Every structure is written in structure tokens, then in C-alpha cells.
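Comments concern the structure below.
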Amino acid sequence: MTGSLPRRLLPALAALALLAACAPEPPPTRSATPMGLSPQIAALYGPVADGERIIPAVPPQYLSADKVRREVDYFTDQPPGTIVVDPYARYLYLVQPGQRALRYAIAVGREGRGFSGEAVIPIKREWPRWIPTKSMIAEDPEQYGPWKDGMDGGLSNPLGARALYLHRNGKDTYYRIHGTNDVSSIGKATSAGCIRLWNQDILDLYARVSLGTQVVVLTEAESGKGTVPAGQALPPRVAGLNSVAPPGETAATMFFTESF
């Protein structure tokens, strides 16, 4: 009859129906924005394609308000474009016009805390090669010994996606500002390493910084300098990840919203 299915097709259709019934349901569609994050923050710290490499997103649990990249008040006589590193508060500031700065959360190692004063950036590297220091190999030969001849750049490299090399008086200080393969370290003081940022943040900083950029690294006594106007007392030291209280910030920022 017209409109009827041939009888020879009925067994096949029955089998298809059975397979469809047994097939697992497709997973629910996930929201493009992780729970608790504003769309702006999710976009800043989501996956990044860099050439053939895909930099993973920073897990939301690490993106607390004191660690995300943001613009803040910053009272300094350093000219715009200068980098100021506060190893003890675990922040890096890129000075902007009008007493403002872009603030990045950092992790700092023993090497980072052992350097202070002024330097210049004559070299920038994408996906830099890493060689552990002799002291690192001596202290932990099992971990660092296999890499005594160096590790090529990549997602597992401790220098991360980018590195800025600091020189003083024409000589390498062996002090670096770089990315990291350990997202949980940001905001902490660790046993080894210089100054490191999330890869998403070092990509942003790297793009803003030109060769010849001046860098000022604060001493422990100077920690918190710039976060309050000149003549005011520096923020008090508090317990926690940061060694000084978070600096005051204005509500109008480039990168942070109250919906975070």
C-alpha cells in the first residue's frame, strides 16, 4: 500500500530503535562561564591557543579577587611602562599614566627574594628553554639532575610560555619574570624560581613590554610601596599568602567586576 513501509524493513527499524534506546544520553551542555566567575574573568583565564600549543585554563578555584589581573591605584614617581616587582606582597605592577598600574599576582622563589634594586629587560623569549641552576641540582639531584643539560620550551617547562630576562650594568642577573607550569603556586613563596605569573598573565605582560623596559624590585622594607599616597604609612603586614595587606583598589577597573 502507498505510504506503508515494506515488510523487509521492519526488522531493521526495530533493531535501530533498540540501539537508540540503549545508547547513552548526550552529556548536558555546560555553561560557557564557570560557576562563580564573571564572563570577563573567564575570558581572561580561559584556554589560549599559542601557535600549536593550547595553554590550559586556570582552574576557577585559583582565581580569587586578590589574584586576578586588574588595574589599581598606584602612587609612584616611576614613569609609565616601568615594572615594579614586590616579591614580599607577591605582586608585579606595570605602571600606567595617572597614578595607576596593571597588577599581576606572582609566585616568588628564593632566587626572586634574593634580588632587589633596578634592572633592564634586554631579552624576551617565547617558550624559553630552561636549565636548572647548580644549587638546585645539588639540593635536589633526583628532581633537577635529569634536566642538567636543559629542557626545551613547552607546557611542562617551568618557565612557561614567555620569559623576560633582567640585566644590570650589561650583565645577566639570572633573574627572570616568566610563566609557570604550576598554576597553584601563584600568590605563594616557594623554594625555587624567580618571579612567575600564570601563563595567561605573562602573555599579556609580554605583549605590553618592550626591550629596554626598566624594572624595579622592592626590598622587604619597601614592600607595599606605591599602594598608598606618598607620606602615608605602608599597609600593615598580615598573615596569609601575601605578606602585606592587599592595596586599596577603586571600583572602576579594567579587568574585574563585582559579578566575579
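Labels for the C-alpha cells follow display order: chains A, B, ..., residues from 1 in each chain, ligands from 1.
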List every residue of region 30-93 of chain A that DSSP, applied to the backbone of this structure, places in strand (DSSP E or B), and write the result as a PDB file with N, CA, C and O atoms, in the first residue's frame.
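For reference, selection18.pdb as written:
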ATOM      1  N   VAL A  48      44.094  29.158  25.957  1.00  0.00           N
ATOM      2  CA  VAL A  48      44.695  30.062  24.971  1.00  0.00           C
ATOM      3  C   VAL A  48      45.451  29.241  23.943  1.00  0.00           C
ATOM      4  O   VAL A  48      46.292  28.413  24.295  1.00  0.00           O
ATOM      5  N   ALA A  49      45.151  29.475  22.661  1.00  0.00           N
ATOM      6  CA  ALA A  49      45.915  28.847  21.583  1.00  0.00           C
ATOM      7  C   ALA A  49      47.114  29.732  21.277  1.00  0.00           C
ATOM      8  O   ALA A  49      46.962  30.912  20.952  1.00  0.00           O
ATOM      9  N   ASP A  50      48.309  29.168  21.409  1.00  0.00           N
ATOM     10  CA  ASP A  50      49.545  29.901  21.132  1.00  0.00           C
ATOM     11  C   ASP A  50      50.361  29.070  20.152  1.00  0.00           C
ATOM     12  O   ASP A  50      51.101  28.169  20.548  1.00  0.00           O
ATOM     13  N   ARG A  53      50.401  25.103  20.411  1.00  0.00           N
ATOM     14  CA  ARG A  53      50.158  24.733  21.802  1.00  0.00           C
ATOM     15  C   ARG A  53      48.856  25.340  22.302  1.00  0.00           C
ATOM     16  O   ARG A  53      48.503  26.468  21.944  1.00  0.00           O
ATOM     17  N   ILE A  54      48.178  24.598  23.153  1.00  0.00           N
ATOM     18  CA  ILE A  54      46.973  25.099  23.817  1.00  0.00           C
ATOM     19  C   ILE A  54      47.289  25.234  25.298  1.00  0.00           C
ATOM     20  O   ILE A  54      47.510  24.237  26.002  1.00  0.00           O
ATOM     21  N   ILE A  55      47.333  26.459  25.790  1.00  0.00           N
ATOM     22  CA  ILE A  55      47.570  26.703  27.209  1.00  0.00           C
ATOM     23  C   ILE A  55      46.271  26.436  27.965  1.00  0.00           C
ATOM     24  O   ILE A  55      45.238  27.040  27.656  1.00  0.00           O
ATOM     25  N   ARG A  70      44.289  43.063  37.233  1.00  0.00           N
ATOM     26  CA  ARG A  70      43.379  44.196  37.329  1.00  0.00           C
ATOM     27  C   ARG A  70      44.158  45.501  37.369  1.00  0.00           C
ATOM     28  O   ARG A  70      45.363  45.522  37.623  1.00  0.00           O
ATOM     29  N   GLU A  71      43.452  46.591  37.109  1.00  0.00           N
ATOM     30  CA  GLU A  71      44.047  47.919  37.202  1.00  0.00           C
ATOM     31  C   GLU A  71      43.752  48.496  38.573  1.00  0.00           C
ATOM     32  O   GLU A  71      42.623  48.399  39.064  1.00  0.00           O
ATOM     33  N   VAL A  72      44.770  49.085  39.205  1.00  0.00           N
ATOM     34  CA  VAL A  72      44.634  49.608  40.563  1.00  0.00           C
ATOM     35  C   VAL A  72      45.270  50.985  40.657  1.00  0.00           C
ATOM     36  O   VAL A  72      46.062  51.390  39.805  1.00  0.00           O
ATOM     37  N   ASP A  73      44.928  51.707  41.704  1.00  0.00           N
ATOM     38  CA  ASP A  73      45.653  52.934  42.027  1.00  0.00           C
ATOM     39  C   ASP A  73      47.085  52.564  42.392  1.00  0.00           C
ATOM     40  O   ASP A  73      47.321  51.582  43.120  1.00  0.00           O
ATOM     41  N   ILE A  83      58.216  48.412  35.227  1.00  0.00           N
ATOM     42  CA  ILE A  83      57.733  47.267  36.004  1.00  0.00           C
ATOM     43  C   ILE A  83      58.257  47.393  37.425  1.00  0.00           C
ATOM     44  O   ILE A  83      59.456  47.595  37.629  1.00  0.00           O
ATOM     45  N   VAL A  84      57.356  47.301  38.378  1.00  0.00           N
ATOM     46  CA  VAL A  84      57.742  47.274  39.788  1.00  0.00           C
ATOM     47  C   VAL A  84      57.333  45.919  40.354  1.00  0.00           C
ATOM     48  O   VAL A  84      56.159  45.544  40.276  1.00  0.00           O
ATOM     49  N   VAL A  85      58.295  45.207  40.913  1.00  0.00           N
ATOM     50  CA  VAL A  85      58.039  43.887  41.481  1.00  0.00           C
ATOM     51  C   VAL A  85      58.105  43.990  43.003  1.00  0.00           C
ATOM     52  O   VAL A  85      59.082  44.506  43.550  1.00  0.00           O
ATOM     53  N   ASP A  86      57.062  43.511  43.662  1.00  0.00           N
ATOM     54  CA  ASP A  86      57.032  43.453  45.120  1.00  0.00           C
ATOM     55  C   ASP A  86      57.031  41.971  45.512  1.00  0.00           C
ATOM     56  O   ASP A  86      55.980  41.352  45.645  1.00  0.00           O
ATOM     57  N   TYR A  91      53.185  40.620  44.203  1.00  0.00           N
ATOM     58  CA  TYR A  91      52.561  41.354  43.118  1.00  0.00           C
ATOM     59  C   TYR A  91      53.611  41.951  42.194  1.00  0.00           C
ATOM     60  O   TYR A  91      54.716  42.311  42.631  1.00  0.00           O
ATOM     61  N   LEU A  92      53.242  42.061  40.920  1.00  0.00           N
ATOM     62  CA  LEU A  92      54.015  42.799  39.929  1.00  0.00           C
ATOM     63  C   LEU A  92      53.123  43.899  39.378  1.00  0.00           C
ATOM     64  O   LEU A  92      51.949  43.655  39.061  1.00  0.00           O
ATOM     65  N   TYR A  93      53.666  45.101  39.268  1.00  0.00           N
ATOM     66  CA  TYR A  93      52.915  46.246  38.768  1.00  0.00           C
ATOM     67  C   TYR A  93      53.545  46.764  37.480  1.00  0.00           C
ATOM     68  O   TYR A  93      54.766  46.959  37.416  1.00  0.00           O
TER      69      TYR A  93
END
Spatial neighbours of Gly212 (chain A), max dist 10 Å, only C-alpha atoms, sep filter under 3 positions, as an mmCIF file with all heavy atoms, in the first residue's frame:
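Final file, result08.cif:
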data_model
loop_
_atom_site.group_PDB
_atom_site.id
_atom_site.type_symbol
_atom_site.label_atom_id
_atom_site.label_comp_id
_atom_site.auth_asym_id
_atom_site.auth_seq_id
_atom_site.Cartn_x
_atom_site.Cartn_y
_atom_site.Cartn_z
ATOM 1 N N THR A 82 57.221 51.302 33.398
ATOM 2 C CA THR A 82 58.146 50.656 34.337
ATOM 3 C C THR A 82 57.463 49.469 35.009
ATOM 4 O O THR A 82 56.272 49.519 35.321
ATOM 5 C CB THR A 82 58.602 51.658 35.418
ATOM 6 O OG1 THR A 82 59.204 52.780 34.785
ATOM 7 C CG2 THR A 82 59.593 51.023 36.385
ATOM 8 N N ALA A 119 66.928 47.064 37.272
ATOM 9 C CA ALA A 119 67.443 46.239 36.178
ATOM 10 C C ALA A 119 66.751 46.695 34.897
ATOM 11 O O ALA A 119 65.885 47.579 34.904
ATOM 12 C CB ALA A 119 67.191 44.764 36.448
ATOM 13 N N VAL A 120 67.155 46.085 33.791
ATOM 14 C CA VAL A 120 66.568 46.396 32.497
ATOM 15 C C VAL A 120 66.299 45.077 31.769
ATOM 16 O O VAL A 120 66.948 44.064 32.043
ATOM 17 C CB VAL A 120 67.495 47.313 31.667
ATOM 18 C CG1 VAL A 120 68.779 46.586 31.307
ATOM 19 C CG2 VAL A 120 66.796 47.852 30.438
ATOM 20 N N ILE A 121 65.317 45.103 30.866
ATOM 21 C CA ILE A 121 64.976 43.903 30.090
ATOM 22 C C ILE A 121 65.532 44.048 28.671
ATOM 23 O O ILE A 121 64.947 44.761 27.842
ATOM 24 C CB ILE A 121 63.455 43.687 30.033
ATOM 25 C CG1 ILE A 121 62.893 43.457 31.434
ATOM 26 C CG2 ILE A 121 63.108 42.508 29.116
ATOM 27 C CD1 ILE A 121 61.383 43.398 31.502
ATOM 28 N N PRO A 122 66.672 43.399 28.364
ATOM 29 C CA PRO A 122 67.217 43.455 27.003
ATOM 30 C C PRO A 122 66.821 42.261 26.147
ATOM 31 O O PRO A 122 67.062 42.242 24.937
ATOM 32 C CB PRO A 122 68.723 43.452 27.252
ATOM 33 C CG PRO A 122 68.872 42.600 28.467
ATOM 34 C CD PRO A 122 67.626 42.773 29.299
ATOM 35 N N ILE A 123 66.217 41.227 26.773
ATOM 36 C CA ILE A 123 65.904 39.991 26.056
ATOM 37 C C ILE A 123 64.506 39.524 26.450
ATOM 38 O O ILE A 123 64.138 39.562 27.632
ATOM 39 C CB ILE A 123 66.926 38.875 26.385
ATOM 40 C CG1 ILE A 123 68.336 39.294 25.977
ATOM 41 C CG2 ILE A 123 66.549 37.566 25.696
ATOM 42 C CD1 ILE A 123 69.415 38.333 26.445
ATOM 43 N N LEU A 166 66.332 39.780 32.986
ATOM 44 C CA LEU A 166 66.773 41.008 33.627
ATOM 45 C C LEU A 166 68.292 41.095 33.649
ATOM 46 O O LEU A 166 68.968 40.161 34.087
ATOM 47 C CB LEU A 166 66.222 41.097 35.053
ATOM 48 C CG LEU A 166 64.812 41.682 35.194
ATOM 49 C CD1 LEU A 166 63.791 40.860 34.443
ATOM 50 C CD2 LEU A 166 64.423 41.818 36.651
ATOM 51 N N HIS A 167 68.800 42.231 33.193
ATOM 52 C CA HIS A 167 70.231 42.506 33.213
ATOM 53 C C HIS A 167 70.492 43.764 34.029
ATOM 54 O O HIS A 167 69.627 44.636 34.147
ATOM 55 C CB HIS A 167 70.764 42.705 31.795
ATOM 56 C CG HIS A 167 70.879 41.429 31.013
ATOM 57 N ND1 HIS A 167 71.852 41.236 30.054
ATOM 58 C CD2 HIS A 167 70.155 40.286 31.045
ATOM 59 C CE1 HIS A 167 71.717 40.019 29.527
ATOM 60 N NE2 HIS A 167 70.689 39.434 30.107
ATOM 61 N N VAL A 209 55.287 44.847 27.077
ATOM 62 C CA VAL A 209 56.639 45.254 27.477
ATOM 63 C C VAL A 209 57.571 45.250 26.273
ATOM 64 O O VAL A 209 57.607 44.283 25.512
ATOM 65 C CB VAL A 209 57.170 44.309 28.574
ATOM 66 C CG1 VAL A 209 58.659 44.528 28.799
ATOM 67 C CG2 VAL A 209 56.395 44.517 29.867
ATOM 68 N N VAL A 215 63.018 47.882 35.252
ATOM 69 C CA VAL A 215 62.404 47.068 36.291
ATOM 70 C C VAL A 215 62.952 47.488 37.641
ATOM 71 O O VAL A 215 64.168 47.673 37.795
ATOM 72 C CB VAL A 215 62.682 45.562 36.062
ATOM 73 C CG1 VAL A 215 62.048 44.730 37.173
ATOM 74 C CG2 VAL A 215 62.160 45.122 34.701
#
### Task
Please identify all polymer residues within 10 Å of region 130-145 of chain A, counting only C-alpha atoms, omitting same-chain residues fewer than 2 positions from it, and present them as a PyMOL selection string.
chain A and resi 127-128+147-154+157-160+174+191-193
### Task
Give me every alpha helix (DSSP H) residue in region 139-195 of chain A, going by DSSP on the backbone, as a VMD selection string.
chain A and resid 139 141 to 144
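Proximity ranking of A:Lys124, A:Arg176, A:Lys225, A:Lys188 relative to Ala207 (chain A) places A:Lys124 first, based on only C-alpha atoms.
Comparing A:Tyr45, A:Ile177, A:Ala107, A:Val228 by their smallest distance to Thr190 (chain A), the closest is A:Ala107 (using only C-alpha atoms).
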#### Entry: Close residues, Asn199 (chain A) itself excluded, 9 Å, only C-alpha atoms, min 5 positions apart in chain, as a ChimeraX atom specification
/A:45,55-56,58,160-162,178-181,183,204
#### Entry: Proximity to Pro229 (chain A) - best of A:Tyr74, A:Tyr62, A:Tyr88, A:Tyr165, only C-alpha atoms
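Selected residue with least distance to Pro229 (chain A): A:Tyr74.
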### Query
To one decimal place, how far is CA of Gln200 (chain A) from CA of Arg100 (chain A) in Å?
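About the pair CA of Gln200 (chain A) and CA of Arg100 (chain A): they are 21.1 Å apart.
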### Top pick for closest residue to Ala230 (chain A), considering A:Asp77, A:Glu52, A:Ser38, A:Leu44 and counting only C-alpha atoms
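Looking only at the distances to Ala230 (chain A), the closest residue turns out to be A:Asp77.
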